[in-house]
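Asker: Dumping the structure here so I can ask a few things about it.
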Amino acid sequence: MKLVASRTSPYARKVRVVLAEKRIEFDFVEENAWNADTTVPQFNPLNKVPVLLLDDDTPIFDSRVIVEFLDGVSPVSRLLPESGRERLIVKRWEALADGIVDAGVAIFLERKRPKTAEGDTWMARQRSKVDAGIAMAARDLGGKDFCHGVNLTVADIALACALFWLEFRLPEIDWRAQHPGLAAWADQIGGRPSFADTKPAI
Ligand SMILES: N[C@@H](CCC(=O)N[C@@H](CS)C(=O)NCC(=O)O)C(=O)O
């Protein structure tokens, strides 16, 4: 299998952490969808990473679909509950985490454009999603070690990737100060080799 991705994408990091936790071998194909000569549209018409290329070169996207597929590839470290309500709740955590990133990315991209009143309103709207999303995550996590159950799941991986990406790209969003319990949890999760080995570098 090959993973087409950038090293800074939080969605791709989620997939890379899953690959590491499940000890699945893959080739990393570094690609930036924003580059003029990007090859990503050859694999994904939406021109977004990550894309997983199966051994017969079938492209799989997006990150949630990839993660779900990978969890079934190997029985090592199951990261999604088999079925039912538990699976639903873990998938909701993932949707929350990815949604926080979606709103953060919207802010990050808007900042690159000339400043306008409309842009400021847009960013404030996105910022409220980020803040409310993090508040929900902190509240639902409470003092637990994991978002759901007693083992690492995709919920923890997605949330930690979202928070670390915010810290990397939008450091003024000081979720650590606002939610110290979440910060302690993130340090714990971030200490895993799968996170240490996928840390984005500028
Ligand atoms: N929902 C998608 C989001 C993927 C995404 O937005 N990736 C960004 C990189 S962080 C990208 O490739 N953006 C290029 C673009 O939006 O044109 C997923 O979970 O894989």
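Letters A, B, ... mark the chains of the structure tokens in the order given; residue numbers begin at 1 per chain; ligand numbers begin at 1, in order shown.
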DSSP on the backbone, then: every residue of region 5-185 of chain A marked strand (DSSP E), written as a ChimeraX atom specification.
Answerer: /A:5,27-30,51-53,59-60
Asker: Give me the residues of chain A that have any atom at most 10 Å from an atom of ligand 1; for each, the nearest atom pair and the distance in Å, rounded to one decimal. Use only C-alpha atoms and all ligand atoms, sort by chain and number, and format it as JSON lines.
Answerer:
{"residue": "A:Ala5", "atom": "CA", "partner": "ligand 1", "partner_atom_place_in_ligand_line": "12 (O)", "distance": 7.9}
{"residue": "A:Ser6", "atom": "CA", "partner": "ligand 1", "partner_atom_place_in_ligand_line": "9 (C)", "distance": 7.2}
{"residue": "A:Arg7", "atom": "CA", "partner": "ligand 1", "partner_atom_place_in_ligand_line": "10 (S)", "distance": 9.2}
{"residue": "A:Thr8", "atom": "CA", "partner": "ligand 1", "partner_atom_place_in_ligand_line": "10 (S)", "distance": 7.0}
{"residue": "A:Ser9", "atom": "CA", "partner": "ligand 1", "partner_atom_place_in_ligand_line": "10 (S)", "distance": 3.8}
{"residue": "A:Pro10", "atom": "CA", "partner": "ligand 1", "partner_atom_place_in_ligand_line": "10 (S)", "distance": 5.8}
{"residue": "A:Tyr11", "atom": "CA", "partner": "ligand 1", "partner_atom_place_in_ligand_line": "19 (O)", "distance": 5.1}
{"residue": "A:Ala12", "atom": "CA", "partner": "ligand 1", "partner_atom_place_in_ligand_line": "20 (O)", "distance": 6.9}
{"residue": "A:Arg13", "atom": "CA", "partner": "ligand 1", "partner_atom_place_in_ligand_line": "10 (S)", "distance": 9.2}
{"residue": "A:Lys14", "atom": "CA", "partner": "ligand 1", "partner_atom_place_in_ligand_line": "19 (O)", "distance": 8.9}
{"residue": "A:Val15", "atom": "CA", "partner": "ligand 1", "partner_atom_place_in_ligand_line": "20 (O)", "distance": 9.0}
{"residue": "A:Glu31", "atom": "CA", "partner": "ligand 1", "partner_atom_place_in_ligand_line": "12 (O)", "distance": 9.0}
{"residue": "A:Asn32", "atom": "CA", "partner": "ligand 1", "partner_atom_place_in_ligand_line": "12 (O)", "distance": 7.0}
{"residue": "A:Ala33", "atom": "CA", "partner": "ligand 1", "partner_atom_place_in_ligand_line": "12 (O)", "distance": 5.0}
{"residue": "A:Trp34", "atom": "CA", "partner": "ligand 1", "partner_atom_place_in_ligand_line": "14 (C)", "distance": 5.9}
{"residue": "A:Asn35", "atom": "CA", "partner": "ligand 1", "partner_atom_place_in_ligand_line": "14 (C)", "distance": 9.5}
{"residue": "A:Val40", "atom": "CA", "partner": "ligand 1", "partner_atom_place_in_ligand_line": "12 (O)", "distance": 8.4}
{"residue": "A:Pro41", "atom": "CA", "partner": "ligand 1", "partner_atom_place_in_ligand_line": "17 (O)", "distance": 9.9}
{"residue": "A:Asn44", "atom": "CA", "partner": "ligand 1", "partner_atom_place_in_ligand_line": "12 (O)", "distance": 9.7}
{"residue": "A:Leu46", "atom": "CA", "partner": "ligand 1", "partner_atom_place_in_ligand_line": "17 (O)", "distance": 7.2}
{"residue": "A:Asn47", "atom": "CA", "partner": "ligand 1", "partner_atom_place_in_ligand_line": "17 (O)", "distance": 5.5}
{"residue": "A:Lys48", "atom": "CA", "partner": "ligand 1", "partner_atom_place_in_ligand_line": "12 (O)", "distance": 3.2}
{"residue": "A:Val49", "atom": "CA", "partner": "ligand 1", "partner_atom_place_in_ligand_line": "12 (O)", "distance": 4.0}
{"residue": "A:Pro50", "atom": "CA", "partner": "ligand 1", "partner_atom_place_in_ligand_line": "20 (O)", "distance": 5.3}
{"residue": "A:Val51", "atom": "CA", "partner": "ligand 1", "partner_atom_place_in_ligand_line": "20 (O)", "distance": 7.5}
{"residue": "A:Ile60", "atom": "CA", "partner": "ligand 1", "partner_atom_place_in_ligand_line": "20 (O)", "distance": 9.8}
{"residue": "A:Phe61", "atom": "CA", "partner": "ligand 1", "partner_atom_place_in_ligand_line": "20 (O)", "distance": 6.3}
{"residue": "A:Asp62", "atom": "CA", "partner": "ligand 1", "partner_atom_place_in_ligand_line": "20 (O)", "distance": 3.8}
{"residue": "A:Ser63", "atom": "CA", "partner": "ligand 1", "partner_atom_place_in_ligand_line": "20 (O)", "distance": 3.8}
{"residue": "A:Arg64", "atom": "CA", "partner": "ligand 1", "partner_atom_place_in_ligand_line": "19 (O)", "distance": 5.7}
{"residue": "A:Val65", "atom": "CA", "partner": "ligand 1", "partner_atom_place_in_ligand_line": "19 (O)", "distance": 8.2}
{"residue": "A:Ile66", "atom": "CA", "partner": "ligand 1", "partner_atom_place_in_ligand_line": "20 (O)", "distance": 8.4}
{"residue": "A:Val67", "atom": "CA", "partner": "ligand 1", "partner_atom_place_in_ligand_line": "19 (O)", "distance": 9.6}
{"residue": "A:Glu94", "atom": "CA", "partner": "ligand 1", "partner_atom_place_in_ligand_line": "19 (O)", "distance": 9.7}
{"residue": "A:Ala95", "atom": "CA", "partner": "ligand 1", "partner_atom_place_in_ligand_line": "19 (O)", "distance": 9.2}
{"residue": "A:Asp98", "atom": "CA", "partner": "ligand 1", "partner_atom_place_in_ligand_line": "19 (O)", "distance": 6.7}
{"residue": "A:Gly99", "atom": "CA", "partner": "ligand 1", "partner_atom_place_in_ligand_line": "1 (N)", "distance": 8.8}
{"residue": "A:Val101", "atom": "CA", "partner": "ligand 1", "partner_atom_place_in_ligand_line": "10 (S)", "distance": 8.5}
{"residue": "A:Asp102", "atom": "CA", "partner": "ligand 1", "partner_atom_place_in_ligand_line": "6 (O)", "distance": 7.2}
{"residue": "A:Val105", "atom": "CA", "partner": "ligand 1", "partner_atom_place_in_ligand_line": "10 (S)", "distance": 7.4}
{"residue": "A:Ala106", "atom": "CA", "partner": "ligand 1", "partner_atom_place_in_ligand_line": "16 (O)", "distance": 9.5}
{"residue": "A:Leu109", "atom": "CA", "partner": "ligand 1", "partner_atom_place_in_ligand_line": "16 (O)", "distance": 9.5}
{"residue": "A:Trp165", "atom": "CA", "partner": "ligand 1", "partner_atom_place_in_ligand_line": "10 (S)", "distance": 9.6}
Asker: Could you pull out the residues in region 31-143 of chain A that DSSP calls helix (DSSP H, G or I) from the backbone, as a compact mmCIF listing (two decimals) with N, CA and C atoms, in the first residue's frame?
Answerer:
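Contents of the output file selection10.txt:
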# COMPACT_ATOMS: atom_id res chain seq x y z
N VAL A 40 -1.84 14.74 -7.03
CA VAL A 40 -2.98 14.24 -6.23
C VAL A 40 -4.25 14.06 -7.06
N PRO A 41 -4.59 15.00 -8.01
CA PRO A 41 -5.83 14.80 -8.79
C PRO A 41 -5.85 13.51 -9.61
N GLN A 42 -4.67 12.94 -9.85
CA GLN A 42 -4.65 11.64 -10.56
C GLN A 42 -5.31 10.55 -9.71
N PHE A 43 -5.26 10.75 -8.39
CA PHE A 43 -5.78 9.74 -7.47
C PHE A 43 -7.10 10.15 -6.83
N SER A 63 -9.94 10.51 4.73
CA SER A 63 -9.25 9.90 5.87
C SER A 63 -10.17 9.00 6.70
N ARG A 64 -11.44 9.37 6.80
CA ARG A 64 -12.34 8.53 7.63
C ARG A 64 -12.57 7.17 6.98
N VAL A 65 -12.68 7.17 5.65
CA VAL A 65 -12.86 5.91 4.92
C VAL A 65 -11.59 5.06 5.02
N ILE A 66 -10.44 5.74 4.89
CA ILE A 66 -9.16 5.03 4.97
C ILE A 66 -8.99 4.37 6.34
N VAL A 67 -9.27 5.14 7.38
CA VAL A 67 -9.09 4.64 8.75
C VAL A 67 -9.99 3.43 9.00
N GLU A 68 -11.20 3.52 8.53
CA GLU A 68 -12.14 2.42 8.71
C GLU A 68 -11.63 1.17 7.97
N PHE A 69 -11.12 1.38 6.77
CA PHE A 69 -10.57 0.25 6.00
C PHE A 69 -9.37 -0.35 6.73
N LEU A 70 -8.45 0.51 7.16
CA LEU A 70 -7.21 0.01 7.79
C LEU A 70 -7.50 -0.78 9.06
N ASP A 71 -8.50 -0.35 9.79
CA ASP A 71 -8.77 -1.06 11.04
C ASP A 71 -9.17 -2.52 10.77
N GLY A 72 -9.78 -2.75 9.61
CA GLY A 72 -10.19 -4.11 9.26
C GLY A 72 -9.07 -4.93 8.61
N VAL A 73 -7.99 -4.25 8.18
CA VAL A 73 -6.91 -4.95 7.47
C VAL A 73 -6.15 -5.87 8.41
N GLY A 84 -22.50 -1.28 16.38
CA GLY A 84 -23.49 -0.74 17.31
C GLY A 84 -23.17 0.65 17.82
N ARG A 85 -23.74 0.94 18.98
CA ARG A 85 -23.66 2.28 19.53
C ARG A 85 -22.23 2.71 19.85
N GLU A 86 -21.40 1.76 20.30
CA GLU A 86 -20.02 2.11 20.65
C GLU A 86 -19.26 2.61 19.42
N ARG A 87 -19.46 1.92 18.33
CA ARG A 87 -18.80 2.34 17.08
C ARG A 87 -19.31 3.73 16.65
N LEU A 88 -20.62 3.89 16.82
CA LEU A 88 -21.23 5.17 16.47
C LEU A 88 -20.61 6.32 17.27
N ILE A 89 -20.41 6.08 18.55
CA ILE A 89 -19.88 7.15 19.41
C ILE A 89 -18.42 7.45 19.05
N VAL A 90 -17.65 6.42 18.75
CA VAL A 90 -16.25 6.66 18.35
C VAL A 90 -16.21 7.44 17.02
N LYS A 91 -17.09 7.07 16.09
CA LYS A 91 -17.14 7.78 14.81
C LYS A 91 -17.59 9.24 15.02
N ARG A 92 -18.43 9.45 16.00
CA ARG A 92 -18.85 10.83 16.28
C ARG A 92 -17.67 11.64 16.82
N TRP A 93 -16.86 11.01 17.67
CA TRP A 93 -15.65 11.70 18.15
C TRP A 93 -14.78 12.09 16.95
N GLU A 94 -14.65 11.16 16.03
CA GLU A 94 -13.80 11.44 14.86
C GLU A 94 -14.38 12.60 14.05
N ALA A 95 -15.70 12.58 13.89
CA ALA A 95 -16.35 13.67 13.14
C ALA A 95 -16.14 15.01 13.85
N LEU A 96 -16.22 14.97 15.17
CA LEU A 96 -16.00 16.21 15.95
C LEU A 96 -14.57 16.71 15.74
N ALA A 97 -13.61 15.81 15.88
CA ALA A 97 -12.20 16.19 15.74
C ALA A 97 -11.92 16.72 14.33
N ASP A 98 -12.39 15.99 13.33
CA ASP A 98 -12.16 16.43 11.94
C ASP A 98 -12.87 17.77 11.67
N GLY A 99 -14.02 17.94 12.30
CA GLY A 99 -14.74 19.20 12.13
C GLY A 99 -14.00 20.38 12.75
N ILE A 100 -13.35 20.13 13.87
CA ILE A 100 -12.51 21.18 14.49
C ILE A 100 -11.39 21.56 13.52
N VAL A 101 -10.79 20.54 12.91
CA VAL A 101 -9.71 20.81 11.94
C VAL A 101 -10.27 21.55 10.72
N ASP A 102 -11.43 21.11 10.22
CA ASP A 102 -12.01 21.78 9.05
C ASP A 102 -12.15 23.29 9.31
N ALA A 103 -12.67 23.62 10.49
CA ALA A 103 -12.86 25.04 10.83
C ALA A 103 -11.51 25.74 10.99
N GLY A 104 -10.55 25.05 11.59
CA GLY A 104 -9.21 25.63 11.75
C GLY A 104 -8.55 25.87 10.41
N VAL A 105 -8.69 24.92 9.50
CA VAL A 105 -8.10 25.07 8.16
C VAL A 105 -8.74 26.27 7.45
N ALA A 106 -10.04 26.44 7.63
CA ALA A 106 -10.73 27.58 7.00
C ALA A 106 -10.13 28.90 7.49
N ILE A 107 -9.82 28.97 8.78
CA ILE A 107 -9.18 30.18 9.34
C ILE A 107 -7.78 30.35 8.75
N PHE A 108 -7.04 29.25 8.75
CA PHE A 108 -5.65 29.28 8.26
C PHE A 108 -5.60 29.77 6.81
N LEU A 109 -6.53 29.30 5.99
CA LEU A 109 -6.54 29.70 4.57
C LEU A 109 -7.01 31.14 4.39
N GLU A 110 -8.01 31.53 5.18
CA GLU A 110 -8.54 32.90 5.06
C GLU A 110 -7.47 33.92 5.41
N ALA A 117 -13.69 42.74 5.78
CA ALA A 117 -14.70 42.59 6.85
C ALA A 117 -15.39 41.23 6.73
N GLU A 118 -15.66 40.83 5.47
CA GLU A 118 -16.31 39.52 5.26
C GLU A 118 -15.41 38.38 5.74
N GLY A 119 -14.14 38.55 5.48
CA GLY A 119 -13.18 37.53 5.91
C GLY A 119 -13.14 37.44 7.43
N ASP A 120 -13.18 38.60 8.09
CA ASP A 120 -13.17 38.60 9.56
C ASP A 120 -14.41 37.90 10.12
N THR A 121 -15.57 38.19 9.49
CA THR A 121 -16.81 37.54 9.95
C THR A 121 -16.73 36.03 9.74
N TRP A 122 -16.19 35.66 8.61
CA TRP A 122 -16.03 34.23 8.29
C TRP A 122 -15.11 33.55 9.31
N MET A 123 -14.01 34.21 9.62
CA MET A 123 -13.06 33.60 10.57
C MET A 123 -13.66 33.52 11.97
N ALA A 124 -14.45 34.54 12.34
CA ALA A 124 -15.08 34.49 13.68
C ALA A 124 -16.06 33.32 13.75
N ARG A 125 -16.77 33.10 12.64
CA ARG A 125 -17.70 31.96 12.59
C ARG A 125 -16.95 30.64 12.76
N GLN A 126 -15.85 30.52 12.04
CA GLN A 126 -15.06 29.28 12.14
C GLN A 126 -14.45 29.13 13.53
N ARG A 127 -14.00 30.26 14.09
CA ARG A 127 -13.38 30.21 15.41
C ARG A 127 -14.38 29.71 16.46
N SER A 128 -15.65 30.12 16.32
CA SER A 128 -16.63 29.67 17.31
C SER A 128 -16.85 28.16 17.19
N LYS A 129 -16.70 27.61 15.99
CA LYS A 129 -16.81 26.16 15.82
C LYS A 129 -15.63 25.47 16.51
N VAL A 130 -14.45 26.02 16.31
CA VAL A 130 -13.26 25.42 16.94
C VAL A 130 -13.43 25.44 18.46
N ASP A 131 -13.78 26.60 19.00
CA ASP A 131 -13.89 26.74 20.46
C ASP A 131 -14.97 25.81 21.03
N ALA A 132 -16.13 25.79 20.36
CA ALA A 132 -17.23 24.95 20.86
C ALA A 132 -16.89 23.47 20.71
N GLY A 133 -16.21 23.13 19.64
CA GLY A 133 -15.81 21.74 19.43
C GLY A 133 -14.84 21.27 20.50
N ILE A 134 -13.86 22.12 20.80
CA ILE A 134 -12.89 21.76 21.84
C ILE A 134 -13.58 21.67 23.20
N ALA A 135 -14.50 22.59 23.45
CA ALA A 135 -15.21 22.56 24.74
C ALA A 135 -16.00 21.26 24.89
N MET A 136 -16.64 20.82 23.81
CA MET A 136 -17.37 19.55 23.89
C MET A 136 -16.42 18.39 24.14
N ALA A 137 -15.30 18.40 23.44
CA ALA A 137 -14.33 17.31 23.61
C ALA A 137 -13.84 17.28 25.07
N ALA A 138 -13.51 18.45 25.61
CA ALA A 138 -13.00 18.51 26.99
C ALA A 138 -14.06 18.03 27.97
N ARG A 139 -15.29 18.45 27.72
CA ARG A 139 -16.38 18.05 28.62
C ARG A 139 -16.62 16.54 28.57
N ASP A 140 -16.67 15.99 27.37
CA ASP A 140 -16.97 14.56 27.22
C ASP A 140 -15.80 13.68 27.66
N LEU A 141 -14.60 14.19 27.49
CA LEU A 141 -13.44 13.42 27.96
C LEU A 141 -13.42 13.36 29.48
Asker: Fewer than 5 positions away in the same chain doesn't count, so skip those; otherwise give me all residues within 9 Å of Ala186 (chain A), counting only C-alpha atoms, as a list in words.
Answerer: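 Once the nearby chain positions are removed, what remains is Asp156, Leu159, Ala160, Leu163, Phe164, Gly181 and Gly191 of chain A.
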Asker: Export, as a PDB file, in the first residue's frame, the selected residues with all heavy atoms.
Answerer:
ATOM      1  N   ASP A 156      -9.435   8.974  20.053  1.00  0.00           N
ATOM      2  CA  ASP A 156      -8.264   9.616  20.661  1.00  0.00           C
ATOM      3  C   ASP A 156      -7.290  10.107  19.590  1.00  0.00           C
ATOM      4  O   ASP A 156      -6.738  11.204  19.691  1.00  0.00           O
ATOM      5  CB  ASP A 156      -7.536   8.602  21.565  1.00  0.00           C
ATOM      6  CG  ASP A 156      -8.460   8.022  22.613  1.00  0.00           C
ATOM      7  OD1 ASP A 156      -8.845   8.760  23.527  1.00  0.00           O
ATOM      8  OD2 ASP A 156      -8.827   6.831  22.496  1.00  0.00           O
ATOM      9  N   LEU A 159      -8.743  13.194  17.773  1.00  0.00           N
ATOM     10  CA  LEU A 159      -8.767  14.399  18.617  1.00  0.00           C
ATOM     11  C   LEU A 159      -7.354  14.931  18.855  1.00  0.00           C
ATOM     12  O   LEU A 159      -7.117  16.146  18.744  1.00  0.00           O
ATOM     13  CB  LEU A 159      -9.462  14.095  19.957  1.00  0.00           C
ATOM     14  CG  LEU A 159      -9.557  15.286  20.914  1.00  0.00           C
ATOM     15  CD1 LEU A 159     -10.345  16.447  20.298  1.00  0.00           C
ATOM     16  CD2 LEU A 159     -10.189  14.870  22.242  1.00  0.00           C
ATOM     17  N   ALA A 160      -6.428  14.039  19.146  1.00  0.00           N
ATOM     18  CA  ALA A 160      -5.054  14.504  19.405  1.00  0.00           C
ATOM     19  C   ALA A 160      -4.462  15.132  18.137  1.00  0.00           C
ATOM     20  O   ALA A 160      -3.794  16.169  18.215  1.00  0.00           O
ATOM     21  CB  ALA A 160      -4.196  13.339  19.905  1.00  0.00           C
ATOM     22  N   LEU A 163      -5.888  18.653  17.862  1.00  0.00           N
ATOM     23  CA  LEU A 163      -5.341  19.609  18.843  1.00  0.00           C
ATOM     24  C   LEU A 163      -3.887  19.963  18.520  1.00  0.00           C
ATOM     25  O   LEU A 163      -3.491  21.137  18.607  1.00  0.00           O
ATOM     26  CB  LEU A 163      -5.449  19.024  20.257  1.00  0.00           C
ATOM     27  CG  LEU A 163      -6.889  18.839  20.768  1.00  0.00           C
ATOM     28  CD1 LEU A 163      -6.887  18.069  22.088  1.00  0.00           C
ATOM     29  CD2 LEU A 163      -7.600  20.175  20.931  1.00  0.00           C
ATOM     30  N   PHE A 164      -3.110  18.964  18.131  1.00  0.00           N
ATOM     31  CA  PHE A 164      -1.696  19.240  17.822  1.00  0.00           C
ATOM     32  C   PHE A 164      -1.572  20.077  16.545  1.00  0.00           C
ATOM     33  O   PHE A 164      -0.654  20.890  16.426  1.00  0.00           O
ATOM     34  CB  PHE A 164      -0.901  17.938  17.685  1.00  0.00           C
ATOM     35  CG  PHE A 164      -0.786  17.181  18.988  1.00  0.00           C
ATOM     36  CD1 PHE A 164      -0.871  15.801  19.022  1.00  0.00           C
ATOM     37  CD2 PHE A 164      -0.605  17.851  20.192  1.00  0.00           C
ATOM     38  CE1 PHE A 164      -0.768  15.099  20.207  1.00  0.00           C
ATOM     39  CE2 PHE A 164      -0.509  17.162  21.392  1.00  0.00           C
ATOM     40  CZ  PHE A 164      -0.586  15.779  21.405  1.00  0.00           C
ATOM     41  N   GLY A 181      -7.183  19.843  31.688  1.00  0.00           N
ATOM     42  CA  GLY A 181      -7.376  18.384  31.693  1.00  0.00           C
ATOM     43  C   GLY A 181      -7.138  17.796  30.310  1.00  0.00           C
ATOM     44  O   GLY A 181      -6.526  16.732  30.152  1.00  0.00           O
ATOM     45  N   GLY A 191       2.657  11.212  23.725  1.00  0.00           N
ATOM     46  CA  GLY A 191       3.906  10.533  24.085  1.00  0.00           C
ATOM     47  C   GLY A 191       4.057   9.179  23.409  1.00  0.00           C
ATOM     48  O   GLY A 191       5.128   8.565  23.469  1.00  0.00           O
TER      49      GLY A 191
END
Asker: Which is closest to Ala183 (chain A) among A:Asp145, A:Ala158, A:Pro75, A:Leu152, if we use only C-alpha atoms?
Answerer: A:Asp145
